[in-house]
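Text of work-v8.cif (mmCIF, C-alpha atoms) as supplied:
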data_target
loop_
_atom_site.group_PDB
_atom_site.id
_atom_site.type_symbol
_atom_site.label_atom_id
_atom_site.label_comp_id
_atom_site.auth_asym_id
_atom_site.auth_seq_id
_atom_site.Cartn_x
_atom_site.Cartn_y
_atom_site.Cartn_z
ATOM 1 C CA MET A 4 -108.415 -2.183 -20.336
ATOM 2 C CA SER A 5 -109.988 -5.238 -22.041
ATOM 3 C CA HIS A 6 -109.806 -8.044 -24.770
ATOM 4 C CA TYR A 7 -106.952 -9.705 -26.649
ATOM 5 C CA CYS A 8 -106.879 -7.952 -29.999
ATOM 6 C CA HIS A 9 -104.770 -5.923 -32.402
ATOM 7 C CA HIS A 10 -103.862 -2.463 -31.235
ATOM 8 C CA ARG A 11 -103.867 0.942 -32.860
ATOM 9 C CA ILE A 12 -103.432 4.454 -31.680
ATOM 10 C CA ASN A 13 -106.647 5.620 -30.068
ATOM 11 C CA LEU A 14 -108.082 9.009 -30.913
ATOM 12 C CA LEU A 15 -110.240 10.043 -27.964
ATOM 13 C CA VAL A 16 -110.223 13.209 -25.934
ATOM 14 C CA LEU A 17 -108.628 14.144 -22.572
ATOM 15 C CA LEU A 18 -106.522 16.097 -20.101
ATOM 16 C CA ARG A 19 -104.226 16.514 -17.258
ATOM 17 C CA ALA A 20 -103.987 17.576 -13.597
ATOM 18 C CA ALA A 21 -101.902 16.348 -10.664
ATOM 19 C CA ILE A 22 -103.842 17.447 -7.638
ATOM 20 C CA LEU A 23 -105.709 15.616 -4.912
ATOM 21 C CA LEU A 24 -109.302 15.622 -6.060
ATOM 22 C CA THR A 25 -111.975 15.460 -3.354
ATOM 23 C CA ILE A 26 -115.007 13.539 -4.499
ATOM 24 C CA THR A 27 -118.164 14.987 -3.056
ATOM 25 C CA HIS A 28 -121.840 14.235 -3.298
ATOM 26 C CA PRO A 29 -124.774 15.221 -1.082
ATOM 27 C CA SER A 30 -124.302 13.316 2.187
ATOM 28 C CA HIS A 31 -121.289 11.509 0.698
ATOM 29 C CA SER A 32 -117.691 12.638 0.566
ATOM 30 C CA PHE A 33 -114.257 11.035 0.220
ATOM 31 C CA SER A 34 -110.963 11.709 -1.570
ATOM 32 C CA PHE A 35 -109.337 10.148 -4.627
ATOM 33 C CA PRO A 36 -105.906 11.252 -5.882
ATOM 34 C CA ALA A 37 -106.425 13.075 -9.145
ATOM 35 C CA SER A 38 -104.537 12.181 -12.328
ATOM 36 C CA ASP A 39 -103.429 13.773 -15.578
ATOM 37 C CA TYR A 40 -105.923 12.242 -17.936
ATOM 38 C CA LEU A 41 -106.949 8.943 -19.035
ATOM 39 C CA SER A 42 -104.694 8.108 -21.892
ATOM 40 C CA SER A 43 -104.672 4.740 -20.296
ATOM 41 C CA LEU A 44 -106.765 3.047 -22.889
ATOM 42 C CA SER A 45 -105.568 -0.517 -23.084
ATOM 43 C CA ARG A 46 -107.974 -2.078 -25.554
ATOM 44 C CA THR A 47 -109.611 -5.222 -24.308
ATOM 45 C CA VAL A 48 -106.563 -6.177 -22.298
ATOM 46 C CA ASN A 49 -104.129 -4.050 -20.327
ATOM 47 C CA ASN A 50 -101.096 -4.628 -22.544
ATOM 48 C CA ASP A 51 -98.504 -4.202 -19.833
ATOM 49 C CA ASN A 52 -100.206 -6.950 -17.848
ATOM 50 C CA ALA A 53 -100.935 -9.304 -20.706
ATOM 51 C CA ASP A 54 -98.277 -11.866 -19.731
ATOM 52 C CA PHE A 55 -99.419 -11.747 -16.105
ATOM 53 C CA SER A 56 -103.038 -12.165 -17.141
ATOM 54 C CA ASN A 57 -102.308 -14.918 -19.655
ATOM 55 C CA ASN A 58 -100.869 -17.038 -16.883
ATOM 56 C CA LEU A 59 -104.123 -16.922 -14.972
ATOM 57 C CA SER A 60 -107.149 -19.127 -15.335
ATOM 58 C CA ASN A 61 -110.264 -17.400 -16.642
ATOM 59 C CA SER A 62 -112.149 -18.509 -13.572
ATOM 60 C CA ALA A 63 -113.635 -16.619 -10.668
ATOM 61 C CA SER A 64 -110.634 -17.652 -8.584
ATOM 62 C CA SER A 65 -108.394 -15.527 -10.821
ATOM 63 C CA VAL A 66 -109.655 -12.374 -9.159
ATOM 64 C CA ALA A 67 -108.277 -13.473 -5.807
ATOM 65 C CA ILE A 68 -104.675 -13.519 -7.046
ATOM 66 C CA ALA A 69 -102.552 -10.777 -5.520
ATOM 67 C CA VAL A 70 -101.737 -7.979 -7.984
ATOM 68 C CA PRO A 71 -98.241 -6.469 -7.662
ATOM 69 C CA MET A 72 -98.578 -2.827 -6.523
ATOM 70 C CA ASN A 73 -95.079 -1.913 -7.641
ATOM 71 C CA THR A 74 -95.506 1.223 -9.788
ATOM 72 C CA PRO A 75 -96.679 4.777 -9.040
ATOM 73 C CA ALA A 76 -99.863 4.241 -11.083
ATOM 74 C CA ARG A 77 -100.805 1.183 -9.038
ATOM 75 C CA ARG A 78 -99.868 2.785 -5.724
ATOM 76 C CA SER A 79 -102.020 5.822 -6.566
ATOM 77 C CA LEU A 80 -105.139 3.657 -6.257
ATOM 78 C CA PRO A 81 -107.402 5.184 -3.550
ATOM 79 C CA ASP A 82 -108.278 3.055 -0.534
ATOM 80 C CA PRO A 83 -111.970 2.728 -1.548
ATOM 81 C CA LEU A 84 -110.879 0.895 -4.727
ATOM 82 C CA ARG A 85 -108.904 -2.249 -5.512
ATOM 83 C CA LEU A 86 -106.996 -3.502 -8.543
ATOM 84 C CA GLU A 87 -108.090 -6.983 -9.607
ATOM 85 C CA VAL A 88 -107.485 -9.465 -12.376
ATOM 86 C CA ILE A 89 -110.681 -9.392 -14.437
ATOM 87 C CA PRO A 90 -111.229 -12.669 -16.357
ATOM 88 C CA GLY A 91 -110.844 -12.055 -20.088
ATOM 89 C CA LYS A 92 -109.676 -8.469 -19.631
ATOM 90 C CA GLY A 93 -106.486 -8.213 -17.611
ATOM 91 C CA LEU A 94 -106.342 -5.769 -14.709
ATOM 92 C CA GLY A 95 -109.363 -3.683 -13.752
ATOM 93 C CA VAL A 96 -110.593 -1.425 -10.968
ATOM 94 C CA VAL A 97 -113.303 -2.590 -8.559
ATOM 95 C CA THR A 98 -114.944 -0.403 -5.912
ATOM 96 C CA LYS A 99 -115.147 -1.396 -2.242
ATOM 97 C CA VAL A 100 -117.684 1.344 -1.464
ATOM 98 C CA ARG A 101 -120.896 2.571 -3.038
ATOM 99 C CA ILE A 102 -120.228 5.493 -5.406
ATOM 100 C CA PRO A 103 -123.257 7.759 -5.933
ATOM 101 C CA LYS A 104 -124.263 9.018 -9.369
ATOM 102 C CA GLY A 105 -122.537 12.311 -10.186
ATOM 103 C CA THR A 106 -119.404 11.554 -8.172
ATOM 104 C CA VAL A 107 -116.106 12.607 -9.738
ATOM 105 C CA VAL A 108 -114.201 9.335 -9.603
ATOM 106 C CA GLY A 109 -110.752 10.435 -10.764
ATOM 107 C CA ASP A 110 -108.602 12.153 -13.386
ATOM 108 C CA TYR A 111 -106.784 10.558 -16.304
ATOM 109 C CA THR A 112 -103.137 11.619 -16.455
ATOM 110 C CA GLY A 113 -99.975 10.853 -18.365
ATOM 111 C CA GLU A 114 -97.422 12.293 -20.763
ATOM 112 C CA VAL A 115 -98.867 15.053 -22.947
ATOM 113 C CA MET A 116 -97.855 14.745 -26.613
ATOM 114 C CA SER A 117 -98.509 16.655 -29.801
ATOM 115 C CA ALA A 118 -100.009 14.744 -32.732
ATOM 116 C CA GLU A 119 -96.648 14.866 -34.504
ATOM 117 C CA GLU A 120 -94.778 13.518 -31.491
ATOM 118 C CA LYS A 121 -97.351 10.782 -30.957
ATOM 119 C CA ASP A 122 -97.145 9.650 -34.596
ATOM 120 C CA ARG A 123 -93.327 9.615 -34.659
ATOM 121 C CA ARG A 124 -93.097 7.508 -31.535
ATOM 122 C CA TYR A 125 -95.832 4.993 -32.245
ATOM 123 C CA LEU A 126 -96.220 4.658 -36.026
ATOM 124 C CA GLU A 127 -93.700 2.317 -37.567
ATOM 125 C CA SER A 128 -94.103 4.083 -40.908
ATOM 126 C CA LEU A 129 -92.708 7.285 -39.357
ATOM 127 C CA SER A 130 -89.895 5.713 -37.357
ATOM 128 C CA HIS A 131 -87.341 7.273 -39.718
ATOM 129 C CA LEU A 132 -88.342 10.664 -38.262
ATOM 130 C CA LEU A 133 -87.436 9.747 -34.682
ATOM 131 C CA THR A 134 -85.359 12.394 -32.907
ATOM 132 C CA PRO A 135 -82.634 11.855 -30.274
ATOM 133 C CA ASP A 136 -85.231 12.779 -27.634
ATOM 134 C CA ASP A 137 -87.573 10.116 -29.026
ATOM 135 C CA PHE A 138 -84.857 7.455 -28.832
ATOM 136 C CA GLU A 139 -84.101 8.480 -25.255
ATOM 137 C CA TRP A 140 -87.830 8.298 -24.438
ATOM 138 C CA LYS A 141 -88.094 4.787 -25.901
ATOM 139 C CA GLN A 142 -84.987 3.563 -24.103
ATOM 140 C CA SER A 143 -86.329 4.903 -20.820
ATOM 141 C CA ARG A 144 -89.523 2.886 -21.296
ATOM 142 C CA ILE A 145 -87.503 -0.252 -22.044
ATOM 143 C CA ASP A 146 -85.159 0.243 -19.093
ATOM 144 C CA ARG A 147 -88.099 0.534 -16.697
ATOM 145 C CA GLY A 148 -90.001 -2.432 -18.141
ATOM 146 C CA GLN A 149 -92.748 -0.277 -19.663
ATOM 147 C CA THR A 150 -94.460 -1.144 -22.946
ATOM 148 C CA ILE A 151 -94.547 0.970 -26.110
ATOM 149 C CA THR A 152 -97.845 0.103 -27.801
ATOM 150 C CA GLY A 153 -99.651 3.430 -28.211
ATOM 151 C CA THR A 154 -102.896 1.970 -26.875
ATOM 152 C CA TYR A 155 -103.230 4.267 -23.862
ATOM 153 C CA LEU A 156 -103.593 7.490 -25.855
ATOM 154 C CA TYR A 157 -106.471 9.866 -25.353
ATOM 155 C CA GLY A 158 -106.792 12.867 -27.638
ATOM 156 C CA VAL A 159 -107.979 16.267 -26.445
ATOM 157 C CA VAL A 160 -109.317 18.623 -29.097
ATOM 158 C CA VAL A 161 -108.066 22.199 -28.787
ATOM 159 C CA PRO A 162 -109.845 25.322 -30.157
ATOM 160 C CA ASN A 163 -107.809 25.431 -33.391
ATOM 161 C CA GLY A 164 -109.223 22.026 -34.303
ATOM 162 C CA GLU A 165 -106.019 20.122 -33.678
ATOM 163 C CA ALA A 166 -105.518 17.633 -30.861
ATOM 164 C CA ILE A 167 -103.061 16.918 -28.120
ATOM 165 C CA TYR A 168 -102.737 13.487 -26.575
ATOM 166 C CA VAL A 169 -102.428 12.179 -23.056
ATOM 167 C CA ASP A 170 -100.436 8.968 -22.964
ATOM 168 C CA ALA A 171 -100.977 6.928 -19.787
ATOM 169 C CA GLU A 172 -99.118 3.829 -20.934
ATOM 170 C CA ASP A 173 -96.093 4.507 -18.713
ATOM 171 C CA GLU A 174 -97.078 3.497 -15.169
ATOM 172 C CA TYR A 175 -94.426 5.864 -13.810
ATOM 173 C CA SER A 176 -96.141 8.947 -15.245
ATOM 174 C CA SER A 177 -99.830 8.032 -14.988
ATOM 175 C CA LEU A 178 -102.439 7.217 -12.364
ATOM 176 C CA TRP A 179 -104.764 4.339 -11.537
ATOM 177 C CA THR A 180 -107.382 5.405 -14.106
ATOM 178 C CA ARG A 181 -105.164 3.866 -16.798
ATOM 179 C CA PHE A 182 -106.569 0.506 -15.654
ATOM 180 C CA LEU A 183 -110.221 1.338 -16.398
ATOM 181 C CA ASN A 184 -111.674 -1.216 -18.802
ATOM 182 C CA HIS A 185 -114.276 -0.879 -21.541
ATOM 183 C CA ALA A 186 -117.953 -1.676 -21.100
ATOM 184 C CA SER A 187 -120.646 -1.085 -23.685
ATOM 185 C CA PRO A 188 -123.860 0.713 -22.624
ATOM 186 C CA PRO A 189 -125.713 0.082 -20.420
ATOM 187 C CA ASP A 190 -122.927 -1.694 -18.528
ATOM 188 C CA ASN A 191 -120.598 1.319 -18.437
ATOM 189 C CA ASN A 192 -120.873 3.281 -15.186
ATOM 190 C CA VAL A 193 -118.604 6.302 -15.684
ATOM 191 C CA ASN A 194 -118.140 8.799 -18.511
ATOM 192 C CA PRO A 195 -115.051 10.887 -19.325
ATOM 193 C CA LYS A 196 -115.240 14.674 -19.422
ATOM 194 C CA SER A 197 -112.512 17.065 -20.533
ATOM 195 C CA ILE A 198 -111.434 20.650 -21.008
ATOM 196 C CA HIS A 199 -108.548 21.648 -23.249
ATOM 197 C CA GLN A 200 -106.961 23.924 -20.638
ATOM 198 C CA SER A 201 -107.289 23.661 -16.887
ATOM 199 C CA TRP A 202 -106.085 25.971 -14.091
ATOM 200 C CA ASN A 203 -102.471 24.833 -14.643
ATOM 201 C CA GLY A 204 -102.490 25.465 -18.391
ATOM 202 C CA GLN A 205 -102.739 21.747 -19.167
ATOM 203 C CA PRO A 206 -105.711 19.803 -20.509
ATOM 204 C CA ARG A 207 -107.750 17.959 -17.935
ATOM 205 C CA VAL A 208 -109.730 14.728 -18.282
ATOM 206 C CA TRP A 209 -111.806 13.205 -15.512
ATOM 207 C CA PHE A 210 -114.429 10.530 -14.946
ATOM 208 C CA VAL A 211 -117.903 11.015 -13.499
ATOM 209 C CA ALA A 212 -120.260 8.281 -12.304
ATOM 210 C CA ILE A 213 -123.326 8.208 -14.576
ATOM 211 C CA ARG A 214 -125.278 6.010 -12.156
ATOM 212 C CA ASP A 215 -124.894 4.654 -8.650
ATOM 213 C CA ILE A 216 -122.011 2.160 -8.626
ATOM 214 C CA GLU A 217 -122.478 -0.614 -6.100
ATOM 215 C CA VAL A 218 -119.879 -2.340 -3.921
ATOM 216 C CA GLY A 219 -118.009 -5.009 -5.899
ATOM 217 C CA GLU A 220 -118.682 -3.459 -9.325
ATOM 218 C CA GLU A 221 -115.877 -2.902 -11.806
ATOM 219 C CA ILE A 222 -115.553 0.744 -12.868
ATOM 220 C CA CYS A 223 -115.772 0.893 -16.680
ATOM 221 C CA PHE A 224 -116.467 3.370 -19.462
ATOM 222 C CA ASP A 225 -117.374 3.122 -23.135
ATOM 223 C CA TYR A 226 -114.204 3.506 -25.217
ATOM 224 C CA GLY A 227 -116.269 4.633 -28.215
ATOM 225 C CA GLU A 228 -116.526 3.309 -31.762
ATOM 226 C CA ASP A 229 -113.308 4.970 -32.944
ATOM 227 C CA TYR A 230 -111.251 2.843 -30.582
ATOM 228 C CA TRP A 231 -112.043 -0.534 -32.083
ATOM 229 C CA LEU A 232 -110.675 -2.334 -35.137
ATOM 230 C CA PRO A 233 -112.670 -4.637 -37.414
ATOM 231 C CA GLY A 234 -112.853 -8.065 -35.823
ATOM 232 C CA ASP A 235 -112.457 -6.835 -32.246
ATOM 233 C CA ASN A 236 -114.665 -8.671 -29.775
ATOM 234 C CA VAL A 237 -116.386 -5.720 -28.100
ATOM 235 C CA VAL A 238 -118.382 -6.452 -24.946
#
Before we go any further, please render this structure as structure tokens.
Amino acid sequence: MSHYCHHRINLLVLLRAAILLTITHPSHSFSFPASDYLSSLSRTVNNDNADFSNNLSNSASSVAIAVPMNTPARRSLPDPLRLEVIPGKGLGVVTKVRIPKGTVVGDYTGEVMSAEEKDRRYLESLSHLLTPDDFEWKQSRIDRGQTITGTYLYGVVVPNGEAIYVDAEDEYSSLWTRFLNHASPPDNNVNPKSIHQSWNGQPRVWFVAIRDIEVGEEICFDYGEDYWLPGDNVV
């Protein structure tokens, strides 16, 4: 997602589904692979691509550099979209076709965690509570070259007032929506929607175009005030 800044666990709201979602609109129809929510919030910069992005010039020519499509999340990108290096942000998603207002663009998917599990795994102050399963989870991330920052979490509120979290940080268990960057209104062009329980018993989070999105535009949404820390450069 965008900017170089400190990271904290994000408390938003989302869900999960692993089906092929057909995007339809009057006189316009095409398919995007659906995802289990959008826990993929990567602050101002996609953390897992920070080193890659830091080696690039913040010039227009940066966007032309080939992006490695070597993980399931990257390979899930639908043909009408492309993954690009966005100057000052890291990786982002740009559309190659016009997307009409009201189009369902894609789902946000990832590992579903309870609040307790999320806190144990990502808060240093609770690291003494890590279980054998947690250590195995962390080692798996390390072995596969995946980061452990907690900045791709999206919280889904359930009826009892608690929350469950979709974590899209791991590119082997998430979809392309993890690469969506932040944009403040009126520059954002999609909004997230969610339900706490979908047809498969899991939460579902998805993105809908809030205006027509033109060819060449980056697809972005507003991360919300709760996402940012004091001193963050929000654009």
> Expressed in Å to a single decimal, how great is the separation between CA of Ser177 (chain A) and CA of Ser128 (chain A)?
Replying inline: 26.8 Å
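Residue selection for this entry, given the PyMOL selection byres ((chain A and resi 81-86) around 9), comprises Phe33, Ser34, Phe35, Pro36, Val70, Met72, Arg77, Arg78, Ser79, Leu80, Glu87, Val88, Leu94, Gly95, Val96, Val97, Thr98, Lys99, Val100, Trp179 and Phe182 of chain A.
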Selection from above, C-alpha atoms, as a PDB file, in the coordinates of the input, can you write it?
ATOM      1  CA  PHE A  33    -114.257  11.035   0.220  1.00  0.00           C
ATOM      2  CA  SER A  34    -110.963  11.709  -1.570  1.00  0.00           C
ATOM      3  CA  PHE A  35    -109.337  10.148  -4.627  1.00  0.00           C
ATOM      4  CA  PRO A  36    -105.906  11.252  -5.882  1.00  0.00           C
ATOM      5  CA  VAL A  70    -101.737  -7.979  -7.984  1.00  0.00           C
ATOM      6  CA  MET A  72     -98.578  -2.827  -6.523  1.00  0.00           C
ATOM      7  CA  ARG A  77    -100.805   1.183  -9.038  1.00  0.00           C
ATOM      8  CA  ARG A  78     -99.868   2.785  -5.724  1.00  0.00           C
ATOM      9  CA  SER A  79    -102.020   5.822  -6.566  1.00  0.00           C
ATOM     10  CA  LEU A  80    -105.139   3.657  -6.257  1.00  0.00           C
ATOM     11  CA  GLU A  87    -108.090  -6.983  -9.607  1.00  0.00           C
ATOM     12  CA  VAL A  88    -107.485  -9.465 -12.376  1.00  0.00           C
ATOM     13  CA  LEU A  94    -106.342  -5.769 -14.709  1.00  0.00           C
ATOM     14  CA  GLY A  95    -109.363  -3.683 -13.752  1.00  0.00           C
ATOM     15  CA  VAL A  96    -110.593  -1.425 -10.968  1.00  0.00           C
ATOM     16  CA  VAL A  97    -113.303  -2.590  -8.559  1.00  0.00           C
ATOM     17  CA  THR A  98    -114.944  -0.403  -5.912  1.00  0.00           C
ATOM     18  CA  LYS A  99    -115.147  -1.396  -2.242  1.00  0.00           C
ATOM     19  CA  VAL A 100    -117.684   1.344  -1.464  1.00  0.00           C
ATOM     20  CA  TRP A 179    -104.764   4.339 -11.537  1.00  0.00           C
ATOM     21  CA  PHE A 182    -106.569   0.506 -15.654  1.00  0.00           C
TER      22      PHE A 182
END
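Around Leu132 (chain A), within 12 Å and counting all atoms listed in the file, the residues found are A:Glu119, A:Glu120, A:Lys121, A:Asp122, A:Arg123, A:Arg124, A:Tyr125, A:Leu126, A:Phe138, once anything fewer than 6 positions away on its own chain is removed.
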I'd like the box whose edges run along x, y and z of the file and which contains every listed atom of region 139-142 of chain A, padded by 4 Å per side; could you state its centre and edge lengths in Å, one decimal, as AutoDock Vina command-line options?
--center_x -86.1 --center_y 6.0 --center_z -25.0 --size_x 12.0 --size_y 12.9 --size_z 9.8
>> Rounded to one decimal, what separation in Å do you get between CA of Arg147 (chain A) and CA of Val169 (chain A)?
In response: 19.5 Å
Give one line per residue of region 77-171 of chain A that approaches region 200-210 of chain A to at most 9 Å, naming the two atoms of the closest pair and their distance in Å to one decimal, counting only C-alpha atoms; sort by chain then ascending residue number and deliver it as a tab-separated table.
residue	atom	partner	partner_atom	distance
A:Thr106	CA	A:Phe210	CA	8.5
A:Val107	CA	A:Phe210	CA	5.9
A:Val108	CA	A:Phe210	CA	5.5
A:Gly109	CA	A:Phe210	CA	5.6
A:Asp110	CA	A:Trp209	CA	4.0
A:Tyr111	CA	A:Val208	CA	5.5
A:Thr112	CA	A:Val208	CA	7.5
A:Val115	CA	A:Gln205	CA	8.6
A:Val159	CA	A:Pro206	CA	7.3
A:Val161	CA	A:Gln200	CA	8.4
A:Ile167	CA	A:Pro206	CA	8.6
A:Val169	CA	A:Pro206	CA	8.7
For a cut-off of 7 Å around (-95.1, 4.5, -22.5), file coordinates, pick out all residues using all atoms listed in the file and list them as a tab-separated table (two decimals) with C-alpha atoms, in the coordinates of the input.
chain	number	residue	atom	x	y	z
A	144	ARG	CA	-89.52	2.89	-21.30
A	149	GLN	CA	-92.75	-0.28	-19.66
A	150	THR	CA	-94.46	-1.14	-22.95
A	151	ILE	CA	-94.55	0.97	-26.11
A	170	ASP	CA	-100.44	8.97	-22.96
A	171	ALA	CA	-100.98	6.93	-19.79
A	172	GLU	CA	-99.12	3.83	-20.93
A	173	ASP	CA	-96.09	4.51	-18.71
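Reported to one decimal place, the separation of CA of Gly153 (chain A) from CA of Ala212 (chain A) is 26.5 Å.
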> Which is closest to Pro195 (chain A) among A:Lys92, A:Ile216, A:Tyr157, A:Pro103, if we use all atoms listed in the file?
Replying inline: A:Tyr157
Mind checking which residues fall within 9 Å of Ser176 (chain A), counting only C-alpha atoms, ignoring those fewer than 6 positions away in the same chain, and posting them as a tab-separated table (two decimals) with C-alpha atoms, in the frame of the given file?
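Generated output (part_17.tsv):
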chain	number	residue	atom	x	y	z
A	39	ASP	CA	-103.43	13.77	-15.58
A	75	PRO	CA	-96.68	4.78	-9.04
A	76	ALA	CA	-99.86	4.24	-11.08
A	112	THR	CA	-103.14	11.62	-16.45
A	113	GLY	CA	-99.98	10.85	-18.36
A	114	GLU	CA	-97.42	12.29	-20.76
A	170	ASP	CA	-100.44	8.97	-22.96
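With only C-alpha atoms as the atoms that count, the minimum distance from Pro162 (chain A) to the choices A:His185, A:Ser117, A:Lys141, A:Ile198 is reached by A:Ile198.
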> Could you pull the residues within 8 Å of Gly105 (chain A), counting only C-alpha atoms, minus those fewer than 3 positions along the same chain, as a count of residues only?
Replying inline: 5
